[in-house]
$ cat work_13.cif   # mmCIF, C-alpha atoms and all ligand atoms
data_my_file
loop_
_atom_site.label_atom_id
_atom_site.label_comp_id
_atom_site.auth_asym_id
_atom_site.auth_seq_id
_atom_site.Cartn_x
_atom_site.Cartn_y
_atom_site.Cartn_z
CA MET A 197 47.57 -16.23 27.37
CA ASP A 198 43.80 -15.70 27.10
CA LYS A 199 41.87 -18.46 25.48
CA ARG A 200 40.47 -17.52 22.11
CA THR A 201 36.98 -18.16 20.90
CA LEU A 202 37.15 -18.95 17.23
CA THR A 203 34.33 -18.14 14.85
CA PHE A 204 33.97 -20.64 12.03
CA ARG A 205 31.95 -19.63 9.00
CA ILE A 206 31.18 -22.94 7.32
CA PHE A 207 29.67 -23.57 3.91
CA ARG A 208 26.39 -25.47 4.17
CA HIS A 209 24.52 -26.99 1.27
CA ASN A 210 22.95 -30.30 0.40
CA PRO A 211 22.95 -30.58 -3.41
CA PHE A 212 20.54 -33.53 -3.20
CA ASP A 213 17.91 -31.50 -1.36
CA PRO A 214 15.92 -29.34 -3.83
CA VAL A 215 15.10 -26.75 -1.14
CA SER A 216 18.68 -26.44 0.19
CA VAL A 217 20.25 -23.02 -0.43
CA PRO A 218 24.06 -22.60 -0.30
CA ARG A 219 24.95 -20.43 2.69
CA LEU A 220 27.56 -19.81 5.38
CA GLN A 221 26.72 -20.83 8.93
CA GLU A 222 28.59 -19.52 11.95
CA PHE A 223 29.79 -21.65 14.86
CA ARG A 224 31.81 -20.45 17.85
CA VAL A 225 34.33 -22.83 19.40
CA GLU A 226 36.69 -22.26 22.32
CA GLU A 227 40.24 -22.98 21.22
CA THR A 228 42.13 -25.69 23.07
CA PRO A 229 45.90 -26.34 23.08
CA ARG A 230 47.23 -27.90 19.86
CA MET A 231 43.77 -27.76 18.32
CA THR A 232 43.46 -28.69 14.65
CA LEU A 233 40.64 -27.86 12.29
CA TYR A 234 39.70 -31.50 12.39
CA THR A 235 39.27 -31.27 16.18
CA ALA A 236 37.21 -28.10 15.88
CA LEU A 237 34.96 -29.60 13.21
CA THR A 238 34.47 -32.76 15.24
CA ARG A 239 33.44 -30.67 18.25
CA ILE A 240 30.99 -28.71 16.12
CA ARG A 241 29.51 -31.93 14.77
CA GLU A 242 29.35 -33.63 18.16
CA GLU A 243 28.21 -30.68 20.27
CA MET A 244 26.34 -28.29 17.96
CA ASP A 245 25.19 -29.77 14.66
CA PRO A 246 25.35 -33.51 13.90
CA SER A 247 24.26 -32.85 10.31
CA LEU A 248 27.56 -31.12 9.38
CA GLN A 249 29.26 -33.07 6.59
CA PHE A 250 33.03 -33.31 6.24
CA ASP A 251 35.36 -36.22 5.49
CA PHE A 252 38.20 -37.76 7.42
CA VAL A 253 39.66 -41.22 7.90
CA CYS A 254 43.22 -41.17 9.13
CA ARG A 255 43.60 -37.83 11.01
CA SER A 256 47.29 -37.89 10.09
CA ALA A 257 47.66 -36.54 6.54
CA VAL A 258 47.64 -39.98 4.95
CA CYS A 259 44.17 -40.66 3.50
CA GLY A 260 43.71 -37.27 1.81
CA SER A 261 39.99 -37.04 2.58
CA CYS A 262 39.86 -33.92 4.77
CA ALA A 263 41.04 -31.28 2.26
CA MET A 264 39.04 -28.04 2.18
CA LEU A 265 39.49 -24.33 1.58
CA VAL A 266 40.67 -22.63 4.76
CA ASN A 267 40.35 -18.86 4.41
CA GLY A 268 40.63 -19.40 0.65
CA ARG A 269 43.58 -21.80 0.67
CA PRO A 270 43.44 -25.56 0.07
CA ARG A 271 44.63 -27.39 3.18
CA LEU A 272 44.18 -30.64 5.08
CA ALA A 273 41.93 -30.06 8.10
CA CYS A 274 43.66 -32.76 10.12
CA ARG A 275 47.07 -31.19 9.90
CA THR A 276 46.08 -27.52 10.09
CA ARG A 277 46.53 -26.11 13.57
CA THR A 278 44.18 -23.31 14.64
CA GLU A 279 46.91 -21.34 16.51
CA PRO A 280 48.32 -19.51 13.50
CA LEU A 281 44.86 -18.81 12.08
CA PRO A 282 42.94 -15.59 12.77
CA ASP A 283 39.89 -15.60 15.11
CA LYS A 284 37.55 -15.87 12.13
CA VAL A 285 37.98 -18.87 9.87
CA THR A 286 35.97 -19.47 6.71
CA LEU A 287 35.75 -23.08 5.56
CA LEU A 288 34.57 -23.95 2.06
CA PRO A 289 34.57 -27.23 0.14
CA LEU A 290 37.32 -27.70 -2.43
CA PRO A 291 36.30 -26.17 -5.76
CA PHE A 292 36.44 -28.20 -8.99
CA PHE A 293 35.22 -31.47 -7.45
CA ARG A 294 31.58 -32.59 -7.22
CA LEU A 295 29.99 -31.44 -4.00
CA VAL A 296 28.64 -34.22 -1.80
CA GLY A 297 27.43 -31.89 0.94
CA ASP A 298 28.78 -29.04 3.12
CA LEU A 299 32.58 -29.56 3.18
CA SER A 300 32.55 -33.02 1.61
CA VAL A 301 33.52 -33.42 -2.07
CA ASP A 302 34.00 -36.40 -4.38
CA THR A 303 37.68 -36.45 -5.33
CA GLY A 304 37.65 -40.20 -6.08
CA THR A 305 35.84 -39.96 -9.41
CA TRP A 306 38.35 -37.43 -10.77
CA PHE A 307 41.40 -39.36 -9.57
CA ARG A 308 40.06 -42.65 -10.96
CA ASP A 309 39.42 -41.01 -14.33
CA MET A 310 42.88 -39.39 -14.31
CA GLY A 311 44.43 -42.80 -13.50
CA ARG A 312 42.67 -44.33 -16.51
CA ARG A 313 43.75 -41.49 -18.81
CA VAL A 314 47.43 -41.75 -17.88
CA GLU A 315 47.20 -45.57 -17.77
CA SER A 316 48.45 -45.64 -14.24
CA TRP A 317 49.78 -49.14 -14.18
CA VAL A 318 53.05 -50.86 -15.11
CA HIS A 319 53.13 -51.71 -18.83
CA GLN A 320 55.23 -54.76 -19.68
CA HIS A 321 56.07 -56.51 -22.96
CA ARG A 322 56.43 -59.85 -21.23
CA ALA A 323 53.49 -62.10 -20.45
CA PHE A 324 52.70 -62.50 -16.76
CA GLU A 325 54.58 -65.39 -15.15
CA PRO A 326 53.01 -66.39 -11.85
CA GLY A 327 56.15 -68.28 -10.73
CA ALA A 328 58.63 -65.53 -11.61
CA GLU A 329 60.79 -64.02 -8.89
CA GLU A 330 60.41 -60.41 -7.86
CA GLU A 331 62.39 -58.11 -10.10
CA ARG A 332 65.31 -56.39 -8.47
CA MET A 333 65.94 -52.67 -8.60
CA SER A 334 68.52 -50.41 -7.03
CA ASN A 335 67.83 -48.44 -3.87
CA GLU A 336 68.12 -45.23 -5.90
CA GLN A 337 65.44 -46.40 -8.33
CA ALA A 338 63.17 -47.50 -5.50
CA GLN A 339 63.66 -44.17 -3.72
CA ALA A 340 62.91 -42.22 -6.90
CA ILE A 341 59.66 -44.15 -7.39
CA TYR A 342 58.71 -43.80 -3.73
CA GLU A 343 59.26 -40.04 -3.83
CA LEU A 344 56.80 -39.71 -6.73
CA ASP A 345 54.35 -42.21 -5.27
CA ARG A 346 53.59 -40.26 -2.09
CA CYS A 347 50.52 -38.48 -3.50
CA ILE A 348 47.56 -38.95 -1.13
CA GLU A 349 45.05 -37.76 -3.76
CA CYS A 350 43.67 -35.04 -1.50
CA GLY A 351 42.94 -32.75 -4.47
CA CYS A 352 44.64 -29.65 -3.01
CA CYS A 353 46.82 -29.24 -6.14
CA VAL A 354 43.84 -29.41 -8.48
CA ALA A 355 41.75 -27.09 -6.29
CA ALA A 356 44.59 -24.55 -6.28
CA CYS A 357 45.12 -24.72 -10.05
CA GLY A 358 43.64 -21.87 -12.08
CA MET A 359 43.94 -23.90 -15.28
CA ALA A 360 41.95 -26.82 -13.86
CA GLN A 361 39.13 -24.46 -12.92
CA MET A 362 38.95 -23.23 -16.53
CA SER A 363 39.63 -26.54 -18.27
CA PRO A 364 38.03 -29.56 -16.58
CA ASP A 365 39.98 -31.97 -18.84
CA PHE A 366 43.34 -30.66 -17.65
CA LEU A 367 45.36 -33.52 -16.15
CA GLY A 368 46.74 -31.28 -13.46
CA SER A 369 50.04 -31.72 -11.71
CA ALA A 370 48.71 -34.88 -10.02
CA GLY A 371 48.34 -36.49 -13.46
CA MET A 372 51.73 -35.23 -14.59
CA LEU A 373 53.36 -36.56 -11.43
CA ARG A 374 51.76 -39.96 -12.03
CA ILE A 375 53.30 -40.08 -15.52
CA ALA A 376 56.69 -39.01 -14.14
CA ARG A 377 56.45 -41.84 -11.63
CA PHE A 378 56.15 -44.47 -14.38
CA LEU A 379 58.95 -42.88 -16.42
CA VAL A 380 61.40 -43.65 -13.61
CA ASP A 381 60.09 -47.18 -13.07
CA PRO A 382 62.43 -49.73 -14.74
CA ARG A 383 59.56 -52.25 -14.92
CA ASP A 384 57.47 -49.99 -17.15
CA HIS A 385 58.16 -50.76 -20.82
CA ARG A 386 55.75 -48.42 -22.55
CA PRO A 387 57.28 -46.50 -25.46
CA GLU A 388 58.14 -42.88 -24.82
CA GLU A 389 55.81 -41.85 -27.63
CA ALA A 390 52.83 -43.38 -25.83
CA VAL A 391 53.57 -41.22 -22.81
CA PHE A 392 53.95 -38.09 -24.89
CA GLU A 393 50.61 -38.79 -26.60
CA VAL A 394 49.01 -38.25 -23.21
CA ILE A 395 50.99 -35.36 -21.81
CA GLY A 396 52.10 -33.51 -24.96
CA THR A 397 48.72 -31.82 -25.27
CA GLU A 398 46.76 -28.81 -24.03
CA GLU A 399 45.30 -31.09 -21.35
CA GLY A 400 48.85 -32.05 -20.38
CA VAL A 401 52.05 -30.06 -19.92
CA PHE A 402 51.17 -27.47 -22.57
CA GLY A 403 48.03 -26.55 -20.64
CA CYS A 404 50.02 -25.49 -17.58
CA ILE A 405 50.50 -21.73 -17.49
CA GLY A 406 53.13 -21.96 -14.77
CA LEU A 407 51.40 -20.33 -11.81
CA LEU A 408 52.50 -23.37 -9.77
CA ALA A 409 49.94 -22.94 -7.01
CA CYS A 410 49.86 -26.76 -7.03
CA ASP A 411 53.43 -26.75 -5.74
CA ASP A 412 52.64 -24.08 -3.13
CA PHE A 413 49.70 -25.95 -1.64
CA CYS A 414 50.65 -29.63 -1.87
CA PRO A 415 50.47 -30.76 1.78
CA LYS A 416 52.98 -33.54 1.11
CA ASP A 417 55.58 -31.24 -0.47
CA LEU A 418 55.71 -33.34 -3.60
CA PRO A 419 58.14 -32.13 -6.29
CA LEU A 420 55.35 -30.99 -8.61
CA ALA A 421 57.10 -28.00 -10.19
CA SER A 422 60.34 -29.86 -10.86
CA ARG A 423 58.52 -32.87 -12.36
CA LEU A 424 56.52 -30.59 -14.67
CA ALA A 425 59.78 -29.01 -15.81
CA TYR A 426 61.30 -32.48 -16.24
CA LEU A 427 58.44 -33.65 -18.47
CA ARG A 428 58.73 -30.51 -20.56
CA ARG A 429 62.46 -31.11 -21.01
CA ARG A 430 61.78 -34.71 -22.03
CA LEU A 431 59.20 -33.56 -24.58
CA ALA A 432 61.54 -30.88 -25.95
CA LEU A 433 64.41 -33.34 -26.29
CA ALA A 434 62.15 -35.84 -28.05
CA ALA A 435 60.95 -33.14 -30.45
CA MET A 436 64.56 -32.23 -31.35
CA ARG A 437 65.50 -35.79 -32.30
CA PRO A 438 65.92 -36.27 -36.07
CA SER A 439 63.70 -39.36 -36.24
CA PRO A 440 61.06 -40.77 -33.92
CA SER A 441 62.61 -42.71 -31.08
CA THR A 442 61.62 -46.21 -30.20
CA THR A 443 63.53 -46.10 -26.91
CA THR A 444 61.85 -47.99 -24.16
CA GLY A 445 62.52 -48.34 -20.48
CA PRO A 446 63.46 -45.83 -17.82
CA VAL A 447 65.30 -42.59 -18.34
CA PRO A 448 67.18 -41.21 -15.35
CA VAL A 449 65.54 -38.33 -13.50
CA ARG A 450 67.45 -35.08 -13.64
S1 LIG B 1 41.94 -37.23 7.74
FE1 LIG B 1 43.25 -38.32 6.40
S2 LIG B 1 44.40 -36.72 5.45
FE2 LIG B 1 43.22 -35.70 6.92
#

$ encode --input "work_13.cif" --output "structure tokens"
Amino acid sequence: MDKRTLTFRIFRHNPFDPVSVPRLQEFRVEETPRMTLYTALTRIREEMDPSLQFDFVCRSAVCGSCAMLVNGRPRLACRTRTEPLPDKVTLLPLPFFRLVGDLSVDTGTWFRDMGRRVESWVHQHRAFEPGAEEERMSNEQAQAIYELDRCIECGCCVAACGMAQMSPDFLGSAGMLRIARFLVDPRDHRPEEAVFEVIGTEEGVFGCIGLLACDDFCPKDLPLASRLAYLRRRLALAAMRPSPSTTTGPVPVR
């Protein structure tokens, strides 16, 4: 098969430079076997333009830093092969997040703020005992937590979400997933009502209009749609109870 020459149209802009103007710059790269977008971008930076900004750390879909829009879709550059892509590829930074430069955005500030809003830590009634033994949990419980703890905070779900673009305070499916993770954790003793205070709002599950692009574009195939539905069911059940519940502790995932 003939080798392809790929044309990359890459967003360039330095928001810290007052004379910088957002634009698309073209680069042509010869495709090599098993090439990824990460490889292509590295070649561009090493051989054509050392000033090109993009992020990466792990090159294996673990750190979440290389997310960008690839022909309009949020994807991880390190795990996107060029073979299935057309000859012309447009690369833009993820929308919604603060632009650092070119393809690099600051996802960390948003994820830290989201973590604070959903109080992303184990809440216990008991005082900390330094000498206490590790608490035991069943394999099923550990697996359920692990499944919901696989988010790499790449921001693809938020970038794909129409609601997040319109409402910057929306917790997004990443925030909802974080809450769902603590609901299945037997060590978390926060009252159900405290959780619903956070997610039972327009910035929480009621803000989601159900387009579920988050679920379509999550590179880790996290169960975003099913966890959103689960939280809605939990809220609906709580609302139907005759008196406010003071139930604490985990509720099995269904
Ligand atoms: S470089 Fe770490 S996820 Fe792509």

$ axis_aligned_box --input "work_13.cif" --around "ligand LIG 1 (chain B)" --padding-each-side "6 Å" --output "JSON"
{"center_x": 43.2, "center_y": -37.0, "center_z": 6.6, "size_x": 14.5, "size_y": 14.6, "size_z": 14.3}

$ residues_around --input "work_13.cif" --residues "A:Asp412" --least-positions-apart "5" --cutoff "12 Å" --atoms "all atoms listed in the file" --output "list in words"
Arg269, Pro270, Arg271, Cys352, Cys353, Val354, Ala355, Ala356, Cys357, Ser369, Gly406, Leu407, Asp417, Leu418, Pro419, Leu420 and Ala421 of chain A

$ atom_distance --input "work_13.cif" --atom1 "atom CA of A:Pro218" --atom2 "atom CA of A:Arg277"
26.6 Å

$ residues_near_ligand --input "work_13.cif" --ligand "ligand LIG 1 (chain B)" --cutoff "8 Å" --atoms "all atoms listed in the file" --output "list in words"
Tyr234, Asp251, Phe252, Val253, Cys254, Arg255, Ser256, Ala257, Val258, Cys259, Gly260, Ser261, Cys262, Ala263, Leu272, Ala273, Cys274, Arg275, Ile348 and Cys350 of chain A

$ closest_residue --input "work_13.cif" --among "A:Gly327, A:Phe293, A:Asn335, A:Arg386" --to "A:Pro364" --atoms "only C-alpha atoms"
A:Phe293

$ closest_residue --input "work_13.cif" --among "A:Leu379, A:Leu248, A:Met362, A:Val285" --to "A:Val391" --atoms "all atoms listed in the file"
A:Leu379

$ atom_distance --input "work_13.cif" --atom1 "atom CA of A:Phe402" --atom2 "atom CA of A:His319"
24.6 Å

$ closest_residue --input "work_13.cif" --among "A:Ala370, A:Met264, A:Leu299, A:Leu290" --to "A:Arg208" --atoms "only C-alpha atoms"
A:Leu299
